[in-house]
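Asker: Supplied structure: entry_30.pdb, PDB, C-alpha atoms and all ligand atoms.
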MODEL        1
ATOM      1  CA  MET G 193     124.313  87.633 121.054
ATOM      2  CA  SER G 194     123.745  85.946 117.728
ATOM      3  CA  THR G 195     126.297  83.769 116.034
ATOM      4  CA  LEU G 196     127.714  84.808 112.683
ATOM      5  CA  HIS G 197     128.472  82.395 109.907
ATOM      6  CA  THR G 198     130.701  84.147 107.393
ATOM      7  CA  PRO G 199     132.708  81.764 105.287
ATOM      8  CA  ALA G 200     136.386  82.610 104.960
ATOM      9  CA  GLY G 201     137.134  84.491 101.746
ATOM     10  CA  ALA G 202     133.503  85.554 101.283
ATOM     11  CA  GLN G 203     132.760  89.053  99.994
ATOM     12  CA  PRO G 204     132.712  91.749 102.674
ATOM     13  CA  PRO G 205     129.193  92.475 103.912
ATOM     14  CA  VAL G 206     127.143  95.174 102.207
ATOM     15  CA  LEU G 207     125.282  95.744 105.430
ATOM     16  CA  GLU G 208     126.632  95.027 108.863
ATOM     17  CA  LEU G 209     125.252  95.448 112.368
ATOM     18  CA  ARG G 210     127.720  95.236 115.233
ATOM     19  CA  GLY G 211     126.426  94.892 118.768
ATOM     20  CA  VAL G 212     123.384  97.055 118.060
ATOM     21  CA  THR G 213     121.101  97.847 120.969
ATOM     22  CA  LYS G 214     118.062 100.087 121.256
ATOM     23  CA  ARG G 215     116.339 101.223 124.398
ATOM     24  CA  PHE G 216     113.026 102.981 124.684
ATOM     25  CA  GLY G 217     113.097 104.447 128.187
ATOM     26  CA  LYS G 218     114.275 101.684 130.447
ATOM     27  CA  THR G 219     113.302  98.864 128.136
ATOM     28  CA  GLU G 220     115.923  97.355 125.891
ATOM     29  CA  ILE G 221     114.055  96.379 122.727
ATOM     30  CA  ILE G 222     117.050  95.411 120.591
ATOM     31  CA  ARG G 223     119.558  93.511 122.662
ATOM     32  CA  GLY G 224     122.917  93.242 120.960
ATOM     33  CA  VAL G 225     122.345  92.325 117.328
ATOM     34  CA  ASP G 226     125.222  91.305 115.062
ATOM     35  CA  LEU G 227     124.292  90.707 111.439
ATOM     36  CA  GLN G 228     126.223  90.566 108.196
ATOM     37  CA  VAL G 229     124.363  90.702 104.896
ATOM     38  CA  ARG G 230     126.277  89.894 101.733
ATOM     39  CA  GLN G 231     125.970  91.634  98.388
ATOM     40  CA  GLY G 232     123.019  90.333  96.348
ATOM     41  CA  GLU G 233     121.511  88.161  99.040
ATOM     42  CA  ARG G 234     117.858  88.141  99.976
ATOM     43  CA  VAL G 235     117.272  88.147 103.690
ATOM     44  CA  ALA G 236     113.922  87.777 105.433
ATOM     45  CA  VAL G 237     113.592  88.983 109.015
ATOM     46  CA  ILE G 238     110.994  86.954 110.892
ATOM     47  CA  GLY G 239     109.877  86.595 114.492
ATOM     48  CA  PRO G 240     106.922  86.880 116.853
ATOM     49  CA  ASN G 241     104.880  90.072 117.220
ATOM     50  CA  GLY G 242     106.751  92.661 119.221
ATOM     51  CA  ALA G 243     110.107  90.894 118.804
ATOM     52  CA  GLY G 244     111.740  94.028 117.396
ATOM     53  CA  LYS G 245     111.705  93.467 113.619
ATOM     54  CA  SER G 246     110.325  96.898 112.730
ATOM     55  CA  THR G 247     112.614  98.533 115.246
ATOM     56  CA  LEU G 248     115.540  96.839 113.539
ATOM     57  CA  PHE G 249     114.361  98.194 110.175
ATOM     58  CA  ASN G 250     113.928 101.629 111.729
ATOM     59  CA  LEU G 251     117.489 101.501 113.027
ATOM     60  CA  ILE G 252     118.921 100.418 109.670
ATOM     61  CA  SER G 253     116.972 103.014 107.684
ATOM     62  CA  GLY G 254     117.826 105.821 110.096
ATOM     63  CA  ARG G 255     114.448 106.482 111.650
ATOM     64  CA  PHE G 256     115.981 105.693 115.033
ATOM     65  CA  ALA G 257     119.597 105.949 116.163
ATOM     66  CA  PRO G 258     120.891 102.917 118.070
ATOM     67  CA  THR G 259     121.539 103.283 121.775
ATOM     68  CA  SER G 260     124.859 101.535 121.200
ATOM     69  CA  GLY G 261     126.623  99.593 118.483
ATOM     70  CA  GLU G 262     127.411 100.333 114.870
ATOM     71  CA  ILE G 263     125.614  99.938 111.551
ATOM     72  CA  LEU G 264     127.701  99.963 108.371
ATOM     73  CA  LEU G 265     126.692 100.197 104.730
ATOM     74  CA  ASN G 266     129.523  99.158 102.439
ATOM     75  CA  GLY G 267     131.908  99.659 105.332
ATOM     76  CA  ARG G 268     130.709 103.208 106.102
ATOM     77  CA  ARG G 269     128.948 104.042 109.372
ATOM     78  CA  ILE G 270     125.296 104.956 108.867
ATOM     79  CA  ASP G 271     124.059 104.762 112.461
ATOM     80  CA  GLY G 272     122.863 108.165 113.601
ATOM     81  CA  LYS G 273     122.552 109.489 110.039
ATOM     82  CA  LYS G 274     119.256 110.808 108.749
ATOM     83  CA  PRO G 275     117.057 108.577 106.555
ATOM     84  CA  PHE G 276     117.629 110.719 103.437
ATOM     85  CA  GLU G 277     121.416 110.616 103.954
ATOM     86  CA  ILE G 278     121.308 106.826 104.252
ATOM     87  CA  ASN G 279     119.125 106.716 101.164
ATOM     88  CA  ARG G 280     121.680 108.717  99.187
ATOM     89  CA  MET G 281     124.363 106.308 100.389
ATOM     90  CA  GLY G 282     122.510 103.479  98.649
ATOM     91  CA  LEU G 283     119.824 102.076 100.962
ATOM     92  CA  SER G 284     116.157 102.490 100.145
ATOM     93  CA  ARG G 285     113.179 101.442 102.219
ATOM     94  CA  SER G 286     109.588 101.009 101.151
ATOM     95  CA  PHE G 287     106.755 101.812 103.459
ATOM     96  CA  GLN G 288     103.353 100.289 102.866
ATOM     97  CA  ILE G 289     101.848 102.601 100.226
ATOM     98  CA  THR G 290     102.752 105.795 102.083
ATOM     99  CA  ASN G 291     105.417 106.865  99.568
ATOM    100  CA  ILE G 292     102.800 107.154  96.839
ATOM    101  CA  PHE G 293     101.185 110.463  95.837
ATOM    102  CA  PRO G 294      97.593 109.320  95.180
ATOM    103  CA  LYS G 295      96.653 112.246  92.942
ATOM    104  CA  LEU G 296      99.668 111.930  90.655
ATOM    105  CA  SER G 297      99.817 109.514  87.757
ATOM    106  CA  VAL G 298     101.954 106.395  87.889
ATOM    107  CA  PHE G 299     104.517 108.060  85.609
ATOM    108  CA  GLU G 300     104.595 111.263  87.694
ATOM    109  CA  ASN G 301     105.070 109.255  90.893
ATOM    110  CA  LEU G 302     108.058 107.486  89.384
ATOM    111  CA  ARG G 303     109.500 110.695  87.962
ATOM    112  CA  CYS G 304     109.235 112.393  91.379
ATOM    113  CA  ALA G 305     111.090 109.479  92.950
ATOM    114  CA  VAL G 306     113.824 109.682  90.311
ATOM    115  CA  LEU G 307     114.199 113.457  90.676
ATOM    116  CA  TRP G 308     114.351 113.132  94.429
ATOM    117  CA  SER G 309     117.048 110.493  94.130
ATOM    118  CA  LEU G 310     119.045 112.744  91.780
ATOM    119  CA  GLY G 311     119.210 115.219  94.635
ATOM    120  CA  TYR G 312     116.904 117.711  92.966
ATOM    121  CA  ARG G 313     116.240 120.404  95.530
ATOM    122  CA  TYR G 314     114.010 123.054  94.052
ATOM    123  CA  THR G 315     116.696 124.586  91.857
ATOM    124  CA  PHE G 316     114.834 125.468  88.693
ATOM    125  CA  PHE G 317     117.785 125.245  86.277
ATOM    126  CA  LYS G 318     119.025 122.014  87.753
ATOM    127  CA  PHE G 319     115.474 120.714  87.534
ATOM    128  CA  LEU G 320     115.308 121.493  83.793
ATOM    129  CA  ALA G 321     118.668 119.877  83.181
ATOM    130  CA  ASP G 322     117.636 116.771  85.061
ATOM    131  CA  LEU G 323     114.183 116.494  83.580
ATOM    132  CA  ASP G 324     115.071 114.606  80.379
ATOM    133  CA  ASP G 325     117.146 112.169  82.356
ATOM    134  CA  ALA G 326     114.355 111.686  84.907
ATOM    135  CA  ASN G 327     111.737 111.173  82.181
ATOM    136  CA  GLU G 328     113.848 108.474  80.599
ATOM    137  CA  ARG G 329     114.488 106.714  83.868
ATOM    138  CA  ALA G 330     110.824 106.896  84.837
ATOM    139  CA  GLU G 331     109.859 105.296  81.479
ATOM    140  CA  GLN G 332     112.371 102.487  82.081
ATOM    141  CA  LEU G 333     110.970 101.933  85.567
ATOM    142  CA  LEU G 334     107.429 101.740  84.162
ATOM    143  CA  ASP G 335     108.527  98.854  81.958
ATOM    144  CA  ARG G 336     110.435  97.205  84.748
ATOM    145  CA  ILE G 337     107.471  97.156  87.112
ATOM    146  CA  GLY G 338     105.020  96.175  84.354
ATOM    147  CA  LEU G 339     102.800  99.249  84.655
ATOM    148  CA  HIS G 340     103.329 100.766  81.217
ATOM    149  CA  LYS G 341      99.631 100.429  80.364
ATOM    150  CA  LYS G 342      98.812 102.345  83.543
ATOM    151  CA  ARG G 343     101.322 105.128  82.770
ATOM    152  CA  ASP G 344      98.760 107.964  83.005
ATOM    153  CA  THR G 345      96.426 106.436  85.589
ATOM    154  CA  LEU G 346      96.240 108.277  88.897
ATOM    155  CA  ALA G 347      97.883 106.199  91.605
ATOM    156  CA  MET G 348      94.691 106.236  93.674
ATOM    157  CA  ASN G 349      92.873 104.421  90.862
ATOM    158  CA  LEU G 350      95.284 101.479  90.725
ATOM    159  CA  THR G 351      94.403  98.091  92.181
ATOM    160  CA  TYR G 352      95.986  97.247  95.503
ATOM    161  CA  ALA G 353      98.570  94.940  93.914
ATOM    162  CA  GLU G 354      99.429  97.609  91.322
ATOM    163  CA  GLN G 355      99.920 100.148  94.097
ATOM    164  CA  ARG G 356     102.325  97.775  95.787
ATOM    165  CA  ALA G 357     104.200  97.362  92.495
ATOM    166  CA  LEU G 358     104.377 101.148  92.124
ATOM    167  CA  GLU G 359     105.634 101.371  95.680
ATOM    168  CA  ILE G 360     108.467  99.027  94.798
ATOM    169  CA  GLY G 361     109.163 101.056  91.641
ATOM    170  CA  ILE G 362     109.478 104.165  93.811
ATOM    171  CA  THR G 363     111.763 102.302  96.193
ATOM    172  CA  ILE G 364     114.149 101.184  93.444
ATOM    173  CA  ALA G 365     113.938 104.470  91.470
ATOM    174  CA  GLY G 366     117.162 105.860  92.859
ATOM    175  CA  GLY G 367     119.139 102.747  91.976
ATOM    176  CA  ALA G 368     119.848 101.903  95.627
ATOM    177  CA  GLU G 369     121.903  98.789  96.096
ATOM    178  CA  VAL G 370     120.200  97.722  99.321
ATOM    179  CA  ILE G 371     116.403  97.524  99.414
ATOM    180  CA  LEU G 372     114.319  97.164 102.568
ATOM    181  CA  LEU G 373     110.746  95.985 102.075
ATOM    182  CA  ASP G 374     108.223  95.982 104.869
ATOM    183  CA  GLU G 375     105.768  93.087 104.407
ATOM    184  CA  PRO G 376     105.656  93.519 100.627
ATOM    185  CA  THR G 377     102.719  91.133 100.091
ATOM    186  CA  ALA G 378     100.580  92.167 103.074
ATOM    187  CA  GLY G 379      96.904  92.234 102.155
ATOM    188  CA  MET G 380      97.304  90.236  98.942
ATOM    189  CA  SER G 381      95.486  87.066  97.973
ATOM    190  CA  LYS G 382      97.424  83.809  97.669
ATOM    191  CA  SER G 383      97.712  83.972  93.884
ATOM    192  CA  GLU G 384      98.639  87.671  93.943
ATOM    193  CA  THR G 385     101.276  86.846  96.551
ATOM    194  CA  ARG G 386     102.804  84.122  94.400
ATOM    195  CA  ARG G 387     103.035  86.445  91.402
ATOM    196  CA  PHE G 388     104.357  89.256  93.559
ATOM    197  CA  ILE G 389     107.184  87.123  94.923
ATOM    198  CA  ASP G 390     108.315  86.477  91.323
ATOM    199  CA  PHE G 391     107.961  90.183  90.608
ATOM    200  CA  ILE G 392     110.075  91.170  93.615
ATOM    201  CA  ARG G 393     112.687  88.621  92.657
ATOM    202  CA  GLU G 394     112.837  90.041  89.127
ATOM    203  CA  VAL G 395     112.959  93.759  89.922
ATOM    204  CA  THR G 396     115.486  93.390  92.719
ATOM    205  CA  GLU G 397     117.777  91.085  90.726
ATOM    206  CA  GLY G 398     121.388  91.755  91.657
ATOM    207  CA  LYS G 399     120.413  93.939  94.612
ATOM    208  CA  THR G 400     120.597  93.131  98.281
ATOM    209  CA  LEU G 401     117.137  92.679  99.743
ATOM    210  CA  LEU G 402     115.883  92.703 103.317
ATOM    211  CA  THR G 403     112.228  92.054 104.091
ATOM    212  CA  VAL G 404     110.247  91.923 107.276
ATOM    213  CA  GLU G 405     107.694  89.222 106.730
ATOM    214  CA  HIS G 406     104.995  87.275 108.539
ATOM    215  CA  ASP G 407     103.902  85.068 105.644
ATOM    216  CA  MET G 408     106.037  81.930 105.710
ATOM    217  CA  GLY G 409     105.178  81.209 102.072
ATOM    218  CA  VAL G 410     106.841  84.490 101.097
ATOM    219  CA  VAL G 411     109.761  83.887 103.441
ATOM    220  CA  PHE G 412     110.571  80.448 102.124
ATOM    221  CA  GLY G 413     109.869  81.422  98.507
ATOM    222  CA  LEU G 414     112.085  84.467  98.508
ATOM    223  CA  ALA G 415     114.837  84.362 101.106
ATOM    224  CA  ASP G 416     118.383  83.041 100.694
ATOM    225  CA  ARG G 417     118.836  83.451 104.432
ATOM    226  CA  ILE G 418     116.462  84.072 107.286
ATOM    227  CA  ALA G 419     117.179  86.108 110.401
ATOM    228  CA  VAL G 420     114.983  85.034 113.298
ATOM    229  CA  VAL G 421     114.418  87.796 115.833
ATOM    230  CA  VAL G 422     113.074  86.793 119.214
ATOM    231  CA  TYR G 423     112.849  89.218 122.098
ATOM    232  CA  GLY G 424     115.306  91.682 120.569
ATOM    233  CA  GLU G 425     117.957  89.135 119.642
ATOM    234  CA  VAL G 426     118.815  87.341 116.411
ATOM    235  CA  ILE G 427     118.612  83.731 117.557
ATOM    236  CA  ALA G 428     119.403  82.257 114.124
ATOM    237  CA  PHE G 429     120.624  83.554 110.791
ATOM    238  CA  ASP G 430     120.843  80.830 108.218
ATOM    239  CA  THR G 431     119.381  79.210 105.095
ATOM    240  CA  PRO G 432     115.641  78.450 105.099
ATOM    241  CA  GLU G 433     116.332  74.723 105.466
ATOM    242  CA  ALA G 434     118.676  75.226 108.409
ATOM    243  CA  VAL G 435     116.311  77.651 110.093
ATOM    244  CA  LYS G 436     113.376  75.262 109.674
ATOM    245  CA  ALA G 437     115.422  72.492 111.260
ATOM    246  CA  ASN G 438     116.720  74.658 114.115
ATOM    247  CA  ALA G 439     115.268  73.378 117.387
ATOM    248  CA  ARG G 440     115.537  76.744 119.150
ATOM    249  CA  VAL G 441     113.676  78.478 116.318
ATOM    250  CA  GLN G 442     111.014  75.774 116.294
ATOM    251  CA  GLU G 443     110.483  76.194 119.983
ATOM    252  CA  ALA G 444     110.572  80.008 120.084
ATOM    253  CA  TYR G 445     108.575  80.755 116.974
ATOM    254  CA  LEU G 446     108.360  78.626 113.880
ATOM    255  CA  GLY G 447     106.686  75.550 115.369
ATOM    256  CA  SER G 448     103.549  77.449 116.341
ATOM    257  CA  VAL G 449     103.516  79.617 113.193
ATOM    258  CA  LEU G 450     103.766  76.686 110.798
ATOM    259  CA  ALA G 451     101.109  74.775 112.738
ATOM    260  CA  GLU G 452      98.799  77.838 112.532
ATOM    261  CA  GLN G 453      99.353  78.215 108.800
ATOM    262  CA  GLN G 454      98.720  74.518 108.185
ATOM    263  CA  ALA G 455      95.519  74.710 110.214
ATOM    264  CA  ALA G 456      94.382  77.805 108.262
ATOM    265  CA  GLU G 457      95.126  76.073 104.956
ATOM    266  CA  ALA G 458      93.163  72.992 106.046
ATOM    267  CA  VAL G 459      90.099  75.183 106.660
ATOM    268  CA  HIS G 460      90.266  76.935 103.213
TER     269      HIS G 460
HETATM  270  N1  LIG C   1     108.966 104.351 119.484
HETATM  271  C1  LIG C   1     108.785 103.429 120.426
HETATM  272  N2  LIG C   1     108.711 103.756 121.724
HETATM  273  C2  LIG C   1     108.531 102.826 122.680
HETATM  274  N3  LIG C   1     108.428 101.506 122.441
HETATM  275  C3  LIG C   1     108.497 101.107 121.168
HETATM  276  C4  LIG C   1     108.675 102.034 120.082
HETATM  277  N4  LIG C   1     108.716 101.334 118.924
HETATM  278  C5  LIG C   1     108.564 100.040 119.248
HETATM  279  N5  LIG C   1     108.426  99.907 120.595
HETATM  280  C6  LIG C   1     108.261  98.635 121.309
HETATM  281  O1  LIG C   1     109.283  97.775 120.888
HETATM  282  C7  LIG C   1     108.835  96.430 120.831
HETATM  283  C8  LIG C   1     109.161  95.867 119.474
HETATM  284  O2  LIG C   1     108.328  96.461 118.508
HETATM  285  P1  LIG C   1     108.488  96.219 116.953
HETATM  286  O3  LIG C   1     107.393  96.991 116.287
HETATM  287  O4  LIG C   1     109.871  96.486 116.542
HETATM  288  O5  LIG C   1     108.203  94.661 116.860
HETATM  289  P2  LIG C   1     107.899  93.781 115.586
HETATM  290  O6  LIG C   1     108.723  92.560 115.726
HETATM  291  O7  LIG C   1     108.067  94.573 114.344
HETATM  292  O8  LIG C   1     106.371  93.430 115.806
HETATM  293  P3  LIG C   1     105.192  93.163 114.737
HETATM  294  O9  LIG C   1     105.502  91.864 114.080
HETATM  295  O10 LIG C   1     103.979  93.072 115.615
HETATM  296  O11 LIG C   1     105.132  94.338 113.800
HETATM  297  C9  LIG C   1     107.357  96.468 121.151
HETATM  298  O12 LIG C   1     107.191  96.095 122.506
HETATM  299  C10 LIG C   1     106.975  97.906 120.951
HETATM  300  O13 LIG C   1     105.930  98.278 121.800
ENDMDL
END
Kindly present the structure from the file in structure tokens form.
Ligand SMILES: Nc1ncnc2c1ncn2[C@@H]1O[C@H](COP(=O)(O)OP(=O)(O)OP(=O)(O)O)[C@@H](O)[C@H]1O

Answerer:
Amino acid sequence: MSTLHTPAGAQPPVLELRGVTKRFGKTEIIRGVDLQVRQGERVAVIGPNGAGKSTLFNLISGRFAPTSGEILLNGRRIDGKKPFEINRMGLSRSFQITNIFPKLSVFENLRCAVLWSLGYRYTFFKFLADLDDANERAEQLLDRIGLHKKRDTLAMNLTYAEQRALEIGITIAGGAEVILLDEPTAGMSKSETRRFIDFIREVTEGKTLLTVEHDMGVVFGLADRIAVVVYGEVIAFDTPEAVKANARVQEAYLGSVLAEQQAAEAVH
């Protein structure tokens, strides 16, 4: 079980996991995770391959139901609910590119995301009533994600980094308070990554952010706190400095990762 550090008098958690476990067949992949994420904090989830990071994201976003334990969003149980229900309750997750409609323009992609978040369900009159509102919100999002010049470009013709920006625009379109990003800078160059970290910081200002991340540059540049998952358990959940200095984390994960990154940087 992980240890929680919640200062007395701190705000109640926006997202909370209590004793969450997940089994696939006989194998317990998530082994009793407790986690409390505070409003507005940026949390990076790190750990070795196969440690259970994606499974944890899948549990939080409703793709899987936990085998046991509870997950709460603003004090309300979300475990066992469907992804779209959790989304409507204020948690939005980005998948790498897959939310994008390649043959729609940037603007149309954003407008679809807004309409979807408004709960538009194929009711023609509701659609018409919502359309002005959705157009306005989509225009605002275009500005926010810096793609105004690409308003009418088909999504498939955007650069990779622009597609990732659009993806984040789609993720925040519904105004969700909690945002889950899966390796947001994967596949980007070093300079693109640096700019993208600033971009993420800007567009998620005031929101609660959880990312799964392998790139330690992103982790240490973005996160207020880091959750280290090793073999289905959160072995540390603390500030970047504290996590870096944590002997157990060094031994289980970070020591080898940082050495690898330093070696790679020495070669380039
Ligand atoms: N649907 C599933 N059915 C069976 N086993 C699964 C399923 N999903 C994940 N696993 C197993 O759970 C373990 C954790 O996988 P997970 O993808 O959560 O790890 P991860 O930390 O995200 O790894 P990576 O960094 O490589 O993406 C792995 O051993 C994986 O094979």

Asker: Could you spell out the hits of the PyMOL selection byres (((not hetatm)) within 7 of (chain C and resi 1)) on the shown file, as a list in words?

Answerer: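 On the file shown, the PyMOL selection byres (((not hetatm)) within 7 of (chain C and resi 1)) covers Phe216, Ile221, Gly239, Pro240, Asn241, Gly242, Ala243, Gly244, Lys245, Ser246, Thr247 and Leu248 of chain G.
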
Asker: Determine the nearest neighbour of Gly224 of chain G from the options G:Val421, G:Val206, G:Leu334, G:Leu414, counting only C-alpha atoms.

Answerer: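 The closest residue to Gly224 of chain G is G:Val421.
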
Asker: Select, from G:Ile278, G:Ile371, G:Val441, G:Ala428, the residue with the minimum atom-to-atom distance to Lys399 of chain G, counting all atoms listed in the file.

Answerer: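 Using all atoms listed in the file, Lys399 of chain G sits closest to G:Ile371.
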
Asker: With a distance cut-off of 9 Å and all atoms listed in the file, select the neighbouring residues of Arg280 of chain G, excluding the residue or stretch itself and same-chain residues fewer than 4 positions from it, and output the selection as a ChimeraX atom specification.

Answerer: /G:275-276,284,309-311,366,368

Asker: Just say which residues the PyMOL selection byres (((chain G and resi 250-262) around 10) and not hetatm) picks in this file, as a PyMOL selection string.

Answerer: chain G and resi 207-216+220+222-226+244-249+263-265+268-279+283-285+371-372

Asker: Those residues you just picked out, can you put them in a file as a PDB file, in the frame of the given file with C-alpha atoms?

Answerer:
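out.pdb, written as the output of this step:
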ATOM      1  CA  LEU G 207     125.282  95.744 105.430  1.00  0.00           C
ATOM      2  CA  GLU G 208     126.632  95.027 108.863  1.00  0.00           C
ATOM      3  CA  LEU G 209     125.252  95.448 112.368  1.00  0.00           C
ATOM      4  CA  ARG G 210     127.720  95.236 115.233  1.00  0.00           C
ATOM      5  CA  GLY G 211     126.426  94.892 118.768  1.00  0.00           C
ATOM      6  CA  VAL G 212     123.384  97.055 118.060  1.00  0.00           C
ATOM      7  CA  THR G 213     121.101  97.847 120.969  1.00  0.00           C
ATOM      8  CA  LYS G 214     118.062 100.087 121.256  1.00  0.00           C
ATOM      9  CA  ARG G 215     116.339 101.223 124.398  1.00  0.00           C
ATOM     10  CA  PHE G 216     113.026 102.981 124.684  1.00  0.00           C
ATOM     11  CA  GLU G 220     115.923  97.355 125.891  1.00  0.00           C
ATOM     12  CA  ILE G 222     117.050  95.411 120.591  1.00  0.00           C
ATOM     13  CA  ARG G 223     119.558  93.511 122.662  1.00  0.00           C
ATOM     14  CA  GLY G 224     122.917  93.242 120.960  1.00  0.00           C
ATOM     15  CA  VAL G 225     122.345  92.325 117.328  1.00  0.00           C
ATOM     16  CA  ASP G 226     125.222  91.305 115.062  1.00  0.00           C
ATOM     17  CA  GLY G 244     111.740  94.028 117.396  1.00  0.00           C
ATOM     18  CA  LYS G 245     111.705  93.467 113.619  1.00  0.00           C
ATOM     19  CA  SER G 246     110.325  96.898 112.730  1.00  0.00           C
ATOM     20  CA  THR G 247     112.614  98.533 115.246  1.00  0.00           C
ATOM     21  CA  LEU G 248     115.540  96.839 113.539  1.00  0.00           C
ATOM     22  CA  PHE G 249     114.361  98.194 110.175  1.00  0.00           C
ATOM     23  CA  ILE G 263     125.614  99.938 111.551  1.00  0.00           C
ATOM     24  CA  LEU G 264     127.701  99.963 108.371  1.00  0.00           C
ATOM     25  CA  LEU G 265     126.692 100.197 104.730  1.00  0.00           C
ATOM     26  CA  ARG G 268     130.709 103.208 106.102  1.00  0.00           C
ATOM     27  CA  ARG G 269     128.948 104.042 109.372  1.00  0.00           C
ATOM     28  CA  ILE G 270     125.296 104.956 108.867  1.00  0.00           C
ATOM     29  CA  ASP G 271     124.059 104.762 112.461  1.00  0.00           C
ATOM     30  CA  GLY G 272     122.863 108.165 113.601  1.00  0.00           C
ATOM     31  CA  LYS G 273     122.552 109.489 110.039  1.00  0.00           C
ATOM     32  CA  LYS G 274     119.256 110.808 108.749  1.00  0.00           C
ATOM     33  CA  PRO G 275     117.057 108.577 106.555  1.00  0.00           C
ATOM     34  CA  PHE G 276     117.629 110.719 103.437  1.00  0.00           C
ATOM     35  CA  GLU G 277     121.416 110.616 103.954  1.00  0.00           C
ATOM     36  CA  ILE G 278     121.308 106.826 104.252  1.00  0.00           C
ATOM     37  CA  ASN G 279     119.125 106.716 101.164  1.00  0.00           C
ATOM     38  CA  LEU G 283     119.824 102.076 100.962  1.00  0.00           C
ATOM     39  CA  SER G 284     116.157 102.490 100.145  1.00  0.00           C
ATOM     40  CA  ARG G 285     113.179 101.442 102.219  1.00  0.00           C
ATOM     41  CA  ILE G 371     116.403  97.524  99.414  1.00  0.00           C
ATOM     42  CA  LEU G 372     114.319  97.164 102.568  1.00  0.00           C
TER      43      LEU G 372
END

Asker: Considering only C-alpha atoms, state which residue in the set G:Leu307, G:Leu358, G:Ile337, G:Val410 is at the smallest distance from Glu384 of chain G.

Answerer: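 Counting only C-alpha atoms, the residue closest to Glu384 of chain G is G:Val410.
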
Asker: Atom CA of Asp416 of chain G and atom CA of Asp390 of chain G are how many Å apart?

Answerer: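 Atom CA of Asp390 of chain G lies 14.2 Å from atom CA of Asp416 of chain G.
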
Asker: Nearest to Asp430 of chain G: which of G:Ile392, G:Met408, G:Ala451, G:Ile238 is it, counting only C-alpha atoms?

Answerer: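 Ranked by minimum distance to Asp430 of chain G, first place goes to G:Ile238.
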
Asker: Please enumerate the residues selected by the PyMOL selection byres (((chain G and resi 388) around 10) and not hetatm) when evaluated against the supplied file, formatted as a PyMOL selection string.

Answerer: chain G and resi 353-354+356-357+376-377+380+382-387+389-394+410

Asker: Find the distance between atom CA of Asp335 of chain G and atom CA of Ile292 of chain G and write it in Å to one decimal.

Answerer: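 Pair atom CA of Asp335 of chain G / atom CA of Ile292 of chain G returns 18.0 Å.
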
Asker: Please, what distance in Å, to one decimal, runs between atom CA of Glu359 of chain G and atom CA of Thr431 of chain G?

Answerer: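 Atom CA of Glu359 of chain G sits 27.7 Å away from atom CA of Thr431 of chain G.
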
Asker: Considering all atoms listed in the file, can you say which of G:Arg336, G:Lys341, G:Arg440, G:Arg234 comes closest to Val411 of chain G?

Answerer: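 Of the candidates, the smallest distance to Val411 of chain G is held by G:Arg234.
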
Asker: Can you work out which one of G:Ile364, G:Val370, G:Val420, G:Met281 has the shortest atom-to-atom distance to Gln231 of chain G, counting all atoms listed in the file?

Answerer: G:Val370

Asker: Need to verify the contact set: Met348 of chain G, 6 Å, all atoms listed in the file, exclusion of same-chain residues closer than 2 positions in sequence. Can you return it as a list of chain:residue names?

Answerer: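 Answer for this query is G:Pro294, G:Leu346, G:Leu350.
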
Asker: Export, as a CSV table (one decimal), keeping the file's coordinate frame, the selected residues with C-alpha atoms.

Answerer:
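Writing done, so here's out-v5.csv:
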chain,number,residue,atom,x,y,z
G,294,PRO,CA,97.6,109.3,95.2
G,346,LEU,CA,96.2,108.3,88.9
G,350,LEU,CA,95.3,101.5,90.7
